[in-house]
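One file, work_7.csv, carrying CSV, C-alpha atoms:
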chain,number,residue,atom,x,y,z
X,1,MET,CA,12.7,9.1,47.2
X,2,VAL,CA,9.3,10.6,46.1
X,3,ILE,CA,11.0,13.8,45.0
X,4,ALA,CA,13.7,11.8,43.2
X,5,SER,CA,11.2,9.6,41.4
X,6,GLY,CA,9.3,12.7,40.3
X,7,PHE,CA,12.5,14.2,38.8
X,8,PHE,CA,13.2,10.9,37.1
X,9,ALA,CA,9.7,10.7,35.6
X,10,LYS,CA,10.1,14.3,34.3
X,11,GLU,CA,13.4,13.4,32.7
X,12,VAL,CA,12.0,10.3,31.1
X,13,LYS,CA,9.1,12.3,29.7
X,14,ALA,CA,11.4,15.0,28.4
X,15,GLU,CA,13.6,12.4,26.7
X,16,ALA,CA,10.5,10.8,25.1
X,17,LYS,CA,9.4,14.2,23.8
X,18,GLN,CA,12.8,14.8,22.3
X,19,ASP,CA,12.7,11.4,20.6
X,20,LEU,CA,9.2,12.1,19.2
X,21,ASP,CA,10.3,15.5,18.0
X,22,LYS,CA,13.2,13.9,16.2
X,23,ILE,CA,10.9,11.3,14.6
X,24,ILE,CA,8.3,13.9,13.4
X,25,LYS,CA,11.1,16.1,12.0
X,26,ASN,CA,11.9,13.5,9.4
X,27,LEU,CA,8.3,12.9,8.3
X,28,MET,CA,6.5,14.4,5.2
X,29,ALA,CA,4.1,16.2,7.5
X,30,GLU,CA,2.8,16.4,11.1
X,31,PRO,CA,1.1,13.2,12.2
X,32,VAL,CA,-2.7,13.1,12.2
X,33,THR,CA,-2.9,12.3,15.9
X,34,PRO,CA,-2.1,15.4,18.1
X,35,ARG,CA,1.4,15.3,19.7
X,36,GLU,CA,0.1,15.2,23.2
X,37,ASP,CA,-1.9,12.0,22.4
X,38,LEU,CA,1.1,10.5,20.7
X,39,GLU,CA,3.1,11.1,23.9
X,40,LYS,CA,0.4,10.0,26.3
X,41,GLU,CA,-0.6,6.9,24.4
X,42,SER,CA,2.8,6.0,22.9
X,43,ASN,CA,2.4,2.3,23.8
X,44,GLU,CA,-1.0,1.9,22.0
X,45,MET,CA,-0.7,-0.1,18.8
X,46,ARG,CA,-2.6,2.5,16.8
X,47,ILE,CA,0.0,5.1,17.8
X,48,ARG,CA,2.9,2.8,17.0
X,49,MET,CA,1.3,1.9,13.7
X,50,GLU,CA,0.7,5.5,12.7
X,51,LEU,CA,4.4,6.5,13.4
X,52,MET,CA,5.6,3.4,11.5
X,53,ILE,CA,3.6,4.0,8.3
X,54,MET,CA,4.4,7.7,8.3
X,55,ARG,CA,8.1,6.8,8.5
X,56,ILE,CA,7.7,4.4,5.6
X,57,GLN,CA,5.9,7.1,3.6
X,58,ALA,CA,8.7,9.6,4.1
X,59,GLU,CA,11.4,7.0,3.3
X,60,PHE,CA,9.6,5.9,0.1
X,61,CYS,CA,8.8,9.4,-1.1
X,62,ARG,CA,12.4,10.5,-0.7
X,63,ALA,CA,13.7,7.4,-2.5
X,64,LEU,CA,11.4,8.1,-5.4
X,65,GLU,CA,12.3,11.8,-5.6
X,66,LYS,CA,16.0,10.8,-6.0
X,67,GLU,CA,15.1,8.9,-9.2
X,68,GLU,CA,13.6,11.9,-10.9
X,69,ASN,CA,16.8,12.3,-13.0
X,70,GLU,CA,17.9,15.8,-14.1
X,71,PHE,CA,14.3,17.1,-13.9
X,72,PRO,CA,13.7,16.9,-10.2
X,73,THR,CA,10.1,16.6,-9.2
X,74,LYS,CA,9.1,16.8,-5.5
X,75,PHE,CA,6.0,15.3,-3.9
X,76,LYS,CA,3.2,17.7,-3.2
X,77,VAL,CA,2.2,17.1,0.4
X,78,ASP,CA,-1.5,17.5,1.3
X,79,ARG,CA,-2.4,17.1,5.0
X,80,TRP,CA,-6.2,16.8,5.4
X,81,THR,CA,-8.7,16.3,8.2
X,82,ARG,CA,-12.0,14.5,8.4
X,83,SER,CA,-14.9,16.1,10.3
X,84,GLU,CA,-16.1,12.7,11.5
X,85,GLY,CA,-12.7,12.0,13.1
X,86,GLY,CA,-9.1,11.7,12.0
X,87,GLY,CA,-7.5,12.6,8.7
X,88,GLY,CA,-4.5,11.8,6.6
X,89,VAL,CA,-1.4,12.9,4.6
X,90,THR,CA,-1.5,12.4,0.8
X,91,CYS,CA,1.8,12.8,-1.1
X,92,ILE,CA,1.5,13.0,-4.8
X,93,ILE,CA,3.7,13.5,-7.9
X,94,GLN,CA,1.9,14.2,-11.2
X,95,ASP,CA,3.7,14.5,-14.6
X,96,GLY,CA,7.1,13.8,-13.2
X,97,HIS,CA,10.0,12.8,-15.5
X,98,VAL,CA,10.2,9.2,-14.3
X,99,PHE,CA,6.9,8.9,-12.5
X,100,GLU,CA,3.8,10.0,-14.5
X,101,LYS,CA,1.8,9.7,-11.3
X,102,ALA,CA,2.9,8.5,-7.9
X,103,GLY,CA,0.8,8.6,-4.8
X,104,VAL,CA,1.7,7.6,-1.2
X,105,ASN,CA,-1.3,8.1,1.1
X,106,ILE,CA,-1.7,7.9,4.9
X,107,SER,CA,-5.1,7.7,6.5
X,108,VAL,CA,-5.9,7.7,10.2
X,109,VAL,CA,-9.7,7.7,10.6
X,110,HIS,CA,-12.1,6.9,13.4
X,111,GLY,CA,-15.8,7.0,14.2
X,112,ASN,CA,-18.6,4.5,13.9
X,113,LEU,CA,-18.6,1.8,11.3
X,114,PRO,CA,-21.2,2.6,8.5
X,115,PRO,CA,-23.6,-0.1,7.4
X,116,GLY,CA,-21.8,-0.6,4.1
X,117,ALA,CA,-18.5,-1.3,5.8
X,118,VAL,CA,-20.2,-3.7,8.3
X,119,ALA,CA,-21.8,-5.6,5.4
X,120,GLN,CA,-18.4,-5.8,3.6
X,121,MET,CA,-16.7,-7.2,6.7
X,122,LYS,CA,-19.6,-9.6,7.4
X,123,SER,CA,-19.1,-11.0,3.8
X,124,ARG,CA,-15.7,-12.3,4.9
X,125,GLY,CA,-16.8,-13.8,8.2
X,126,ARG,CA,-16.5,-11.0,10.7
X,127,GLU,CA,-19.6,-10.7,12.8
X,128,PHE,CA,-19.8,-7.7,15.2
X,129,GLN,CA,-22.3,-7.3,18.0
X,130,GLY,CA,-23.2,-3.7,18.9
X,131,SER,CA,-25.4,-0.8,17.8
X,132,THR,CA,-22.7,1.8,17.2
X,133,LEU,CA,-19.4,-0.1,16.6
X,134,PRO,CA,-16.7,2.6,17.1
X,135,PHE,CA,-13.8,1.9,14.9
X,136,TYR,CA,-10.2,3.0,14.3
X,137,ALA,CA,-8.6,2.4,10.9
X,138,LEU,CA,-5.2,3.5,9.8
X,139,GLY,CA,-2.9,2.5,7.0
X,140,ILE,CA,-0.5,3.5,4.2
X,141,SER,CA,-1.5,2.9,0.6
X,142,SER,CA,0.6,3.6,-2.5
X,143,VAL,CA,0.4,3.2,-6.2
X,144,ILE,CA,3.3,4.2,-8.6
X,145,HIS,CA,2.6,4.7,-12.3
X,146,PRO,CA,5.9,5.2,-14.1
X,147,ARG,CA,6.3,6.9,-17.4
X,148,ASN,CA,8.5,4.3,-19.0
X,149,PRO,CA,6.6,1.1,-20.0
X,150,TYR,CA,9.6,-1.1,-19.0
X,151,VAL,CA,9.3,0.1,-15.4
X,152,PRO,CA,6.5,-1.8,-13.6
X,153,THR,CA,3.8,-0.3,-11.5
X,154,ILE,CA,3.9,-1.2,-7.8
X,155,HIS,CA,1.1,-1.1,-5.3
X,156,PHE,CA,1.4,-1.6,-1.5
X,157,ASN,CA,-0.9,-1.2,1.4
X,158,TYR,CA,-0.5,-1.9,5.1
X,159,ARG,CA,-3.2,-1.3,7.6
X,160,TYR,CA,-4.5,-1.8,11.1
X,161,PHE,CA,-8.1,-2.0,12.4
X,162,GLU,CA,-9.7,-1.8,15.8
X,163,VAL,CA,-13.5,-2.2,16.3
X,164,LYS,CA,-15.1,-1.9,19.7
X,165,THR,CA,-18.1,-4.2,20.1
X,166,ASP,CA,-20.3,-5.4,22.9
X,167,THR,CA,-18.0,-8.4,23.4
X,168,GLY,CA,-14.7,-6.3,23.5
X,169,VAL,CA,-12.2,-4.8,21.1
X,170,HIS,CA,-11.4,-6.7,17.9
X,171,TRP,CA,-8.1,-5.9,16.1
X,172,TRP,CA,-6.3,-7.1,13.0
X,173,PHE,CA,-3.7,-6.2,10.4
X,174,GLY,CA,-3.9,-6.5,6.6
X,175,GLY,CA,-1.8,-5.5,3.6
X,176,GLY,CA,0.5,-6.6,0.9
X,177,THR,CA,2.8,-5.5,-2.0
X,178,ASP,CA,2.3,-6.5,-5.6
X,179,LEU,CA,3.9,-5.7,-9.0
X,180,THR,CA,2.2,-5.0,-12.3
X,181,PRO,CA,4.7,-5.0,-15.2
X,182,TYR,CA,3.8,-4.0,-18.8
X,183,TYR,CA,6.6,-6.1,-20.2
X,184,LEU,CA,7.7,-9.3,-18.5
X,185,ASN,CA,11.3,-9.4,-17.2
X,186,GLU,CA,11.7,-12.7,-15.4
X,187,SER,CA,14.8,-11.6,-13.4
X,188,ASP,CA,12.8,-8.6,-12.2
X,189,ALA,CA,10.0,-10.9,-11.1
X,190,VAL,CA,12.5,-13.2,-9.2
X,191,HIS,CA,14.1,-10.2,-7.5
X,192,PHE,CA,10.8,-8.7,-6.4
X,193,HIS,CA,9.4,-12.0,-5.0
X,194,SER,CA,12.7,-12.8,-3.4
X,195,SER,CA,12.6,-9.5,-1.5
X,196,LEU,CA,9.2,-10.2,-0.2
X,197,LYS,CA,10.0,-13.8,0.8
X,198,LYS,CA,13.0,-12.6,2.7
X,199,ALA,CA,10.8,-10.2,4.7
X,200,CYS,CA,8.2,-13.0,5.4
X,201,ASP,CA,10.8,-15.6,6.3
X,202,LYS,CA,12.0,-13.5,9.2
X,203,HIS,CA,8.7,-14.4,10.9
X,204,SER,CA,7.5,-17.7,9.5
X,205,SER,CA,8.5,-19.9,6.5
X,206,GLU,CA,4.8,-20.5,6.0
X,207,PHE,CA,3.9,-16.8,5.3
X,208,TYR,CA,5.3,-16.2,1.8
X,209,PRO,CA,3.7,-19.3,0.1
X,210,LYS,CA,0.4,-18.6,1.9
X,211,PHE,CA,0.3,-14.9,1.2
X,212,LYS,CA,1.7,-15.3,-2.4
X,213,SER,CA,-1.2,-17.6,-3.2
X,214,TRP,CA,-3.7,-15.3,-1.6
X,215,CYS,CA,-2.3,-12.4,-3.7
X,216,ASP,CA,-2.7,-14.4,-6.9
X,217,LYS,CA,-6.3,-15.1,-6.0
X,218,TYR,CA,-7.2,-11.6,-4.8
X,219,PHE,CA,-5.7,-9.5,-7.7
X,220,PHE,CA,-7.7,-11.4,-10.3
X,221,LEU,CA,-10.2,-9.9,-12.8
X,222,PRO,CA,-12.9,-12.6,-13.3
X,223,HIS,CA,-14.4,-10.8,-16.3
X,224,ARG,CA,-11.0,-10.8,-18.1
X,225,GLY,CA,-9.9,-14.2,-16.9
X,226,GLU,CA,-6.5,-12.8,-15.9
X,227,SER,CA,-4.5,-11.4,-13.0
X,228,ARG,CA,-3.8,-7.7,-12.6
X,229,GLY,CA,0.0,-8.3,-12.5
X,230,ILE,CA,2.5,-10.9,-11.4
X,231,GLY,CA,1.5,-10.8,-7.7
X,232,GLY,CA,3.5,-10.5,-4.6
X,233,ILE,CA,1.9,-11.0,-1.1
X,234,PHE,CA,-1.5,-10.2,0.2
X,235,PHE,CA,-3.1,-10.9,3.6
X,236,ASP,CA,-6.0,-9.8,5.7
X,237,ASP,CA,-7.5,-10.5,9.2
X,238,VAL,CA,-4.0,-11.2,10.6
X,239,ASP,CA,-4.5,-11.3,14.4
X,240,TYR,CA,-1.9,-14.0,15.1
X,241,PRO,CA,0.3,-15.2,16.7
X,242,ASP,CA,-0.1,-12.1,18.9
X,243,LYS,CA,-0.4,-8.3,18.4
X,244,GLU,CA,3.3,-7.5,18.9
X,245,LYS,CA,4.5,-10.2,16.5
X,246,ALA,CA,1.9,-9.3,13.9
X,247,PHE,CA,3.0,-5.7,14.1
X,248,GLN,CA,6.7,-6.7,13.6
X,249,PHE,CA,5.7,-8.8,10.6
X,250,VAL,CA,3.8,-5.9,9.0
X,251,THR,CA,6.8,-3.6,9.7
X,252,SER,CA,9.2,-6.0,7.9
X,253,CYS,CA,6.9,-6.2,4.9
X,254,ALA,CA,6.6,-2.4,4.7
X,255,GLU,CA,10.3,-2.0,5.0
X,256,ALA,CA,10.8,-4.5,2.1
X,257,VAL,CA,9.1,-2.1,-0.4
X,258,ILE,CA,12.1,0.0,-1.3
X,259,PRO,CA,14.6,-2.9,-1.8
X,260,SER,CA,12.0,-4.8,-3.8
X,261,TYR,CA,11.1,-2.0,-6.2
X,262,LEU,CA,13.8,0.7,-6.5
X,263,PRO,CA,16.4,-1.5,-8.2
X,264,LEU,CA,13.8,-2.1,-11.0
X,265,VAL,CA,13.3,1.6,-11.4
X,266,LYS,CA,17.0,2.3,-11.6
X,267,LYS,CA,17.4,-0.6,-14.1
X,268,HIS,CA,14.7,0.4,-16.6
X,269,LYS,CA,13.9,4.1,-16.2
X,270,ASN,CA,16.1,5.1,-19.2
X,271,ASP,CA,15.2,2.2,-21.4
X,272,GLY,CA,14.2,3.2,-25.0
X,273,TYR,CA,10.5,2.7,-26.1
X,274,GLY,CA,8.1,3.8,-28.8
X,275,LEU,CA,4.5,4.4,-29.5
X,276,GLN,CA,3.7,0.7,-29.6
X,277,GLU,CA,5.0,0.1,-26.1
X,278,ARG,CA,3.3,3.2,-24.8
X,279,ASN,CA,-0.1,2.2,-26.2
X,280,TRP,CA,0.3,-1.3,-24.6
X,281,GLN,CA,1.1,0.3,-21.3
X,282,LEU,CA,-2.0,2.4,-21.5
X,283,LEU,CA,-4.1,-0.7,-22.3
X,284,ARG,CA,-2.7,-2.5,-19.3
X,285,ARG,CA,-3.5,0.5,-17.2
X,286,GLY,CA,-7.1,0.1,-18.2
X,287,ARG,CA,-7.1,-3.3,-16.6
X,288,TYR,CA,-5.7,-1.7,-13.5
X,289,VAL,CA,-8.5,0.8,-13.4
X,290,GLU,CA,-11.1,-2.0,-13.9
X,291,PHE,CA,-9.8,-4.0,-10.9
X,292,ASN,CA,-9.6,-1.0,-8.6
X,293,LEU,CA,-13.0,0.3,-9.3
X,294,VAL,CA,-14.9,-3.0,-9.5
X,295,TYR,CA,-13.2,-5.4,-7.1
X,296,ASP,CA,-10.8,-3.7,-4.7
X,297,ARG,CA,-11.9,-4.0,-1.1
X,298,GLY,CA,-9.9,-1.0,0.1
X,299,THR,CA,-11.5,1.3,-2.5
X,300,LYS,CA,-15.0,0.0,-1.5
X,301,PHE,CA,-14.3,0.5,2.3
X,302,GLY,CA,-13.1,4.0,1.6
X,303,LEU,CA,-16.1,4.9,-0.5
X,304,TYR,CA,-18.5,3.5,2.1
X,305,THR,CA,-16.9,5.5,4.9
X,306,PRO,CA,-18.8,8.8,5.8
X,307,GLY,CA,-16.7,11.9,5.2
X,308,ALA,CA,-14.3,9.9,3.0
X,309,ARG,CA,-11.7,11.9,1.0
X,310,TYR,CA,-12.4,10.6,-2.5
X,311,GLU,CA,-9.4,12.4,-4.1
X,312,SER,CA,-7.1,10.3,-1.8
X,313,ILE,CA,-9.0,7.1,-2.3
X,314,LEU,CA,-8.9,7.4,-6.1
X,315,MET,CA,-5.2,8.5,-6.2
X,316,SER,CA,-4.4,4.9,-7.3
X,317,LEU,CA,-5.9,5.7,-10.8
X,318,PRO,CA,-3.4,6.7,-13.5
X,319,LEU,CA,-3.5,10.0,-15.3
X,320,THR,CA,-4.0,8.3,-18.6
X,321,ALA,CA,-5.3,4.8,-19.7
X,322,ARG,CA,-6.7,3.3,-22.8
X,323,TRP,CA,-9.4,0.8,-23.9
X,324,GLU,CA,-9.5,-0.7,-27.4
X,325,TYR,CA,-12.3,-2.8,-28.7
X,326,MET,CA,-11.3,-6.5,-28.9
X,327,HIS,CA,-7.6,-5.9,-28.6
X,328,ILE,CA,-5.6,-9.2,-28.8
X,329,PRO,CA,-1.8,-9.2,-28.7
X,330,GLN,CA,-0.1,-11.0,-31.6
X,331,GLU,CA,1.0,-14.5,-30.7
X,332,GLY,CA,4.7,-14.7,-29.9
X,333,SER,CA,5.0,-11.0,-29.2
X,334,PRO,CA,6.4,-9.6,-25.9
X,335,GLU,CA,2.8,-8.4,-25.1
X,336,PHE,CA,1.4,-11.9,-25.7
X,337,LYS,CA,4.1,-13.4,-23.4
X,338,LEU,CA,2.9,-11.2,-20.6
X,339,THR,CA,-0.8,-12.1,-21.0
X,340,GLU,CA,0.1,-15.8,-20.9
X,341,VAL,CA,1.7,-15.3,-17.5
X,342,LEU,CA,-1.3,-13.2,-16.3
X,343,LYS,CA,-3.6,-16.1,-17.2
X,344,ASN,CA,-1.5,-18.7,-15.6
X,345,PRO,CA,0.2,-17.3,-12.4
X,346,LYS,CA,3.5,-19.0,-11.7
X,347,ASP,CA,5.8,-19.6,-8.8
X,348,TRP,CA,8.7,-17.2,-9.5
X,349,LEU,CA,11.0,-18.8,-6.8
Could I get this file's structure written as structure tokens?
Amino acid sequence: MVIASGFFAKEVKAEAKQDLDKIIKNLMAEPVTPREDLEKESNEMRIRMELMIMRIQAEFCRALEKEENEFPTKFKVDRWTRSEGGGGVTCIIQDGHVFEKAGVNISVVHGNLPPGAVAQMKSRGREFQGSTLPFYALGISSVIHPRNPYVPTIHFNYRYFEVKTDTGVHWWFGGGTDLTPYYLNESDAVHFHSSLKKACDKHSSEFYPKFKSWCDKYFFLPHRGESRGIGGIFFDDVDYPDKEKAFQFVTSCAEAVIPSYLPLVKKHKNDGYGLQERNWQLLRRGRYVEFNLVYDRGTKFGLYTPGARYESILMSLPLTARWEYMHIPQEGSPEFKLTEVLKNPKDWL
């Protein structure tokens, strides 16, 4: 019986290794965590999260590549390491035919929480007891800046944190998906929000209205008095109802990105536009830059982290943007229509 159980254990281990090899083969790059650790700690949430976000990265990148029309542009894949612990995989398109800049980044970092990050977490109610505070943070973050002004920009981010303190290990998930159009198309807005609601409703009918409202509040530029876009969902500090159910919820949201966004790309990528539409797109991109550099918590956390890879953190910024002094859209114009919605977020469903 002992011998038989030994053979069985080896067979199970070999089968698990084959499954892992099959998973990794379809990714954009080798995972950050070494294979032997992926196998040994396969049930750990951080391992499951890493493999999930790397799968989402590969699926999203390949879906975008298919939209590059008759001028195919492939993602440049940059796998990087961090001397303090961990690393990441950054996939980037620059000067594509459909996507002027598209970034899909994975980061898997660990070490001790720096004072800046501790202060940031404390500001939202998380108090940690301990002198070193070892942490593990991993996530996927993506921003797509299309060339055509009638194709909206999308941003999504899904992440998992663990912090070891004197009182135990604290964990939580965060993330969201939001849309930033340059010209308002209400059917696009309804489709986008419907896709996110469908993903949320699989887990709780309370999630979409709660996280939609949170998104409207978070992606707001106080100095401009307007939202960055037409919202979506946003959440942080999700450690309920339990770890497994929270992970399944985050997985559903990440899997909703392609069906929420790709139909909009297909619909508008060949729409005609001129210099006026292009200049308006660049002005709105300026607002995007303002939010990301002044208010975004993810950008701040990254910049506070020792050994941070600034090229990957700042990949969300567009190649080109524009600022004009005292620019005000003409009343009744399509540009004016968008700004009115940004000043007064609405319930699209």
Up to 12 Å from (7.7, -0.9, 5.0) in the file's coordinates: name the residues, counting all atoms listed in the file, as a ChimeraX atom specification. /X:49,51-60,139-142,156-159,175-177,195-196,199,247-261
Using C-alpha atoms, can you export the residues from the last selection as a short mmCIF file (atom, residue, chain, number, x, y, z; two decimals), in the frame of the given file?
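So the final result, stored in out09.cif, reads:
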data_model
loop_
_atom_site.label_atom_id
_atom_site.label_comp_id
_atom_site.auth_asym_id
_atom_site.auth_seq_id
_atom_site.Cartn_x
_atom_site.Cartn_y
_atom_site.Cartn_z
CA MET X 49 1.30 1.90 13.70
CA LEU X 51 4.40 6.50 13.40
CA MET X 52 5.60 3.40 11.50
CA ILE X 53 3.60 4.00 8.30
CA MET X 54 4.40 7.70 8.30
CA ARG X 55 8.10 6.80 8.50
CA ILE X 56 7.70 4.40 5.60
CA GLN X 57 5.90 7.10 3.60
CA ALA X 58 8.70 9.60 4.10
CA GLU X 59 11.40 7.00 3.30
CA PHE X 60 9.60 5.90 0.10
CA GLY X 139 -2.90 2.50 7.00
CA ILE X 140 -0.50 3.50 4.20
CA SER X 141 -1.50 2.90 0.60
CA SER X 142 0.60 3.60 -2.50
CA PHE X 156 1.40 -1.60 -1.50
CA ASN X 157 -0.90 -1.20 1.40
CA TYR X 158 -0.50 -1.90 5.10
CA ARG X 159 -3.20 -1.30 7.60
CA GLY X 175 -1.80 -5.50 3.60
CA GLY X 176 0.50 -6.60 0.90
CA THR X 177 2.80 -5.50 -2.00
CA SER X 195 12.60 -9.50 -1.50
CA LEU X 196 9.20 -10.20 -0.20
CA ALA X 199 10.80 -10.20 4.70
CA PHE X 247 3.00 -5.70 14.10
CA GLN X 248 6.70 -6.70 13.60
CA PHE X 249 5.70 -8.80 10.60
CA VAL X 250 3.80 -5.90 9.00
CA THR X 251 6.80 -3.60 9.70
CA SER X 252 9.20 -6.00 7.90
CA CYS X 253 6.90 -6.20 4.90
CA ALA X 254 6.60 -2.40 4.70
CA GLU X 255 10.30 -2.00 5.00
CA ALA X 256 10.80 -4.50 2.10
CA VAL X 257 9.10 -2.10 -0.40
CA ILE X 258 12.10 0.00 -1.30
CA PRO X 259 14.60 -2.90 -1.80
CA SER X 260 12.00 -4.80 -3.80
CA TYR X 261 11.10 -2.00 -6.20
#
Have a look at CA of Cys91 in chain X and CA of Leu314 in chain X and let me know their distance in Å, one decimal.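 According to the coordinates, CA of Cys91 in chain X and CA of Leu314 in chain X are separated by 13.0 Å.
Compared by their closest atoms to Thr305 in chain X, and using all atoms listed in the file, the residues X:Glu290, X:Glu84, X:Glu162, X:Asp216 rank with X:Glu84 nearest.
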Protein, DNA and RNA residues within 10 Å of (11.4, 14.2, 8.4), only C-alpha atoms, as a short mmCIF file (atom, residue, chain, number, x, y, z; two decimals) with C-alpha atoms, in the frame of the given file:
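Just written: out15.cif:
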data_model
loop_
_atom_site.label_atom_id
_atom_site.label_comp_id
_atom_site.auth_asym_id
_atom_site.auth_seq_id
_atom_site.Cartn_x
_atom_site.Cartn_y
_atom_site.Cartn_z
CA ASP X 21 10.30 15.50 18.00
CA LYS X 22 13.20 13.90 16.20
CA ILE X 23 10.90 11.30 14.60
CA ILE X 24 8.30 13.90 13.40
CA LYS X 25 11.10 16.10 12.00
CA ASN X 26 11.90 13.50 9.40
CA LEU X 27 8.30 12.90 8.30
CA MET X 28 6.50 14.40 5.20
CA ALA X 29 4.10 16.20 7.50
CA GLU X 30 2.80 16.40 11.10
CA MET X 54 4.40 7.70 8.30
CA ARG X 55 8.10 6.80 8.50
CA ALA X 58 8.70 9.60 4.10
CA GLU X 59 11.40 7.00 3.30
CA ARG X 62 12.40 10.50 -0.70
#
Show me, as a ChimeraX atom specification, the residues that have an atom within 9 Å of range 37-44 of chain X when counting all atoms listed in the file, minus same-chain residues fewer than 3 positions from it. /X:13,16-17,20,31,33-34,47-49,51
Check the smallest atom-to-atom distance from each of X:Phe161, X:Phe99, X:Trp323, X:Tyr150 to Val289 in chain X using all atoms listed in the file, then report the winner.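 Of all the options, X:Trp323 lies closest to Val289 in chain X.
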Give me, as JSON lines, the closest atom pair and its distance (Å, one decimal) for every residue of range 89-180 of chain X within a cut-off of 8 Å of range 223-245 of chain X, counting all atoms listed in the file, rows sorted by chain and rising number.
{"residue": "X:Trp171", "atom": "CA", "partner": "X:Asp239", "partner_atom": "CA", "distance": 6.7}
{"residue": "X:Trp172", "atom": "CA", "partner": "X:Asp239", "partner_atom": "CA", "distance": 4.8}
{"residue": "X:Phe173", "atom": "CA", "partner": "X:Val238", "partner_atom": "CA", "distance": 5.0}
{"residue": "X:Gly174", "atom": "CA", "partner": "X:Asp236", "partner_atom": "CA", "distance": 4.0}
{"residue": "X:Gly175", "atom": "CA", "partner": "X:Phe235", "partner_atom": "CA", "distance": 5.6}
{"residue": "X:Gly176", "atom": "CA", "partner": "X:Phe234", "partner_atom": "CA", "distance": 4.2}
{"residue": "X:Thr177", "atom": "CA", "partner": "X:Ile233", "partner_atom": "CA", "distance": 5.6}
{"residue": "X:Asp178", "atom": "CA", "partner": "X:Gly232", "partner_atom": "CA", "distance": 4.3}
{"residue": "X:Leu179", "atom": "CA", "partner": "X:Gly231", "partner_atom": "CA", "distance": 5.8}
{"residue": "X:Thr180", "atom": "CA", "partner": "X:Gly229", "partner_atom": "CA", "distance": 4.0}
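For the choices X:His193, X:Lys212, X:Arg35, X:Lys66, the atom-to-atom distance to Leu262 in chain X is smallest for X:Lys66 when using only C-alpha atoms.
CA of Gly87 in chain X is found 23.5 Å from CA of Asp19 in chain X.
CA of Leu303 in chain X is positioned 28.1 Å from CA of Leu64 in chain X.
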Can you work out which one of X:Thr339, X:Gly286, X:Asn270, X:Ser312 has the shortest atom-to-atom distance to Glu324 in chain X, counting all atoms listed in the file?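 Nearest candidate to Glu324 in chain X out of X:Thr339, X:Gly286, X:Asn270, X:Ser312: X:Gly286.
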Which of these residues is nearest to Lys198 in chain X, using all atoms listed in the file: X:Leu349, X:Leu113, X:Gly302, X:Gly130?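 The shortest atom-to-atom distance to Lys198 in chain X comes from X:Leu349.
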Selection near Lys76 in chain X, 9 Å with all atoms listed in the file, sequence-local residues under 3 positions removed, as an MDAnalysis selection string: chainID X and resid 90:94
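Excluding Leu317 in chain X itself and any same-chain residue fewer than 6 positions from it, the protein and nucleic acid residues within 9 Å of it, counting all atoms listed in the file, are Lys101, Val143, His145, Arg285, Tyr288, Val289 and Asn292 of chain X.
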Best match for closeness to Ser131 in chain X among X:Thr73, X:Ser107, X:Thr167, X:Asn148, counting only C-alpha atoms: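 Selected residue with least distance to Ser131 in chain X: X:Thr167.
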Nearby residues (all atoms listed in the file) at most 8 Å from Arg284 in chain X, same-chain spacing under 5 positions excluded, as a list of chain:residue names: X:Tyr182, X:Ala321, X:Arg322
Show which residues sit within 12 Å of range 306-310 of chain X, as a VMD selection string. Count only C-alpha atoms, and ignore same-chain residues fewer than 6 positions away. chain X and resid 78 to 90 105 to 117 299 to 300 316 to 317
With the input short on atoms, add N, CA and C atoms back to range 257-266 of chain X and write it as a JSON list (two decimals), keeping the file's coordinate frame.
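Once written, rebuild-v2.json looks like this:
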[["chain", "number", "residue", "atom", "x", "y", "z"],
["X", 257, "VAL", "N", 9.56, -2.77, 0.78],
["X", 257, "VAL", "CA", 9.10, -2.10, -0.40],
["X", 257, "VAL", "C", 10.22, -1.51, -1.24],
["X", 258, "ILE", "N", 11.04, -0.69, -0.58],
["X", 258, "ILE", "CA", 12.10, 0.00, -1.30],
["X", 258, "ILE", "C", 13.11, -0.98, -1.92],
["X", 259, "PRO", "N", 13.65, -1.95, -1.17],
["X", 259, "PRO", "CA", 14.60, -2.90, -1.80],
["X", 259, "PRO", "C", 13.97, -3.78, -2.87],
["X", 260, "SER", "N", 12.67, -3.99, -2.81],
["X", 260, "SER", "CA", 12.00, -4.80, -3.80],
["X", 260, "SER", "C", 11.79, -4.06, -5.14],
["X", 261, "TYR", "N", 11.59, -2.73, -5.05],
["X", 261, "TYR", "CA", 11.10, -2.00, -6.20],
["X", 261, "TYR", "C", 12.17, -1.01, -6.79],
["X", 262, "LEU", "N", 12.91, -0.30, -5.95],
["X", 262, "LEU", "CA", 13.80, 0.70, -6.50],
["X", 262, "LEU", "C", 14.86, 0.20, -7.44],
["X", 263, "PRO", "N", 15.42, -1.00, -7.22],
["X", 263, "PRO", "CA", 16.40, -1.50, -8.20],
["X", 263, "PRO", "C", 15.76, -1.68, -9.61],
["X", 264, "LEU", "N", 14.47, -1.96, -9.69],
["X", 264, "LEU", "CA", 13.80, -2.10, -11.00],
["X", 264, "LEU", "C", 13.63, -0.75, -11.65],
["X", 265, "VAL", "N", 13.36, 0.28, -10.86],
["X", 265, "VAL", "CA", 13.30, 1.60, -11.40],
["X", 265, "VAL", "C", 14.60, 2.07, -11.97],
["X", 266, "LYS", "N", 15.66, 1.90, -11.18],
["X", 266, "LYS", "CA", 17.00, 2.30, -11.60],
["X", 266, "LYS", "C", 17.41, 1.55, -12.90]]
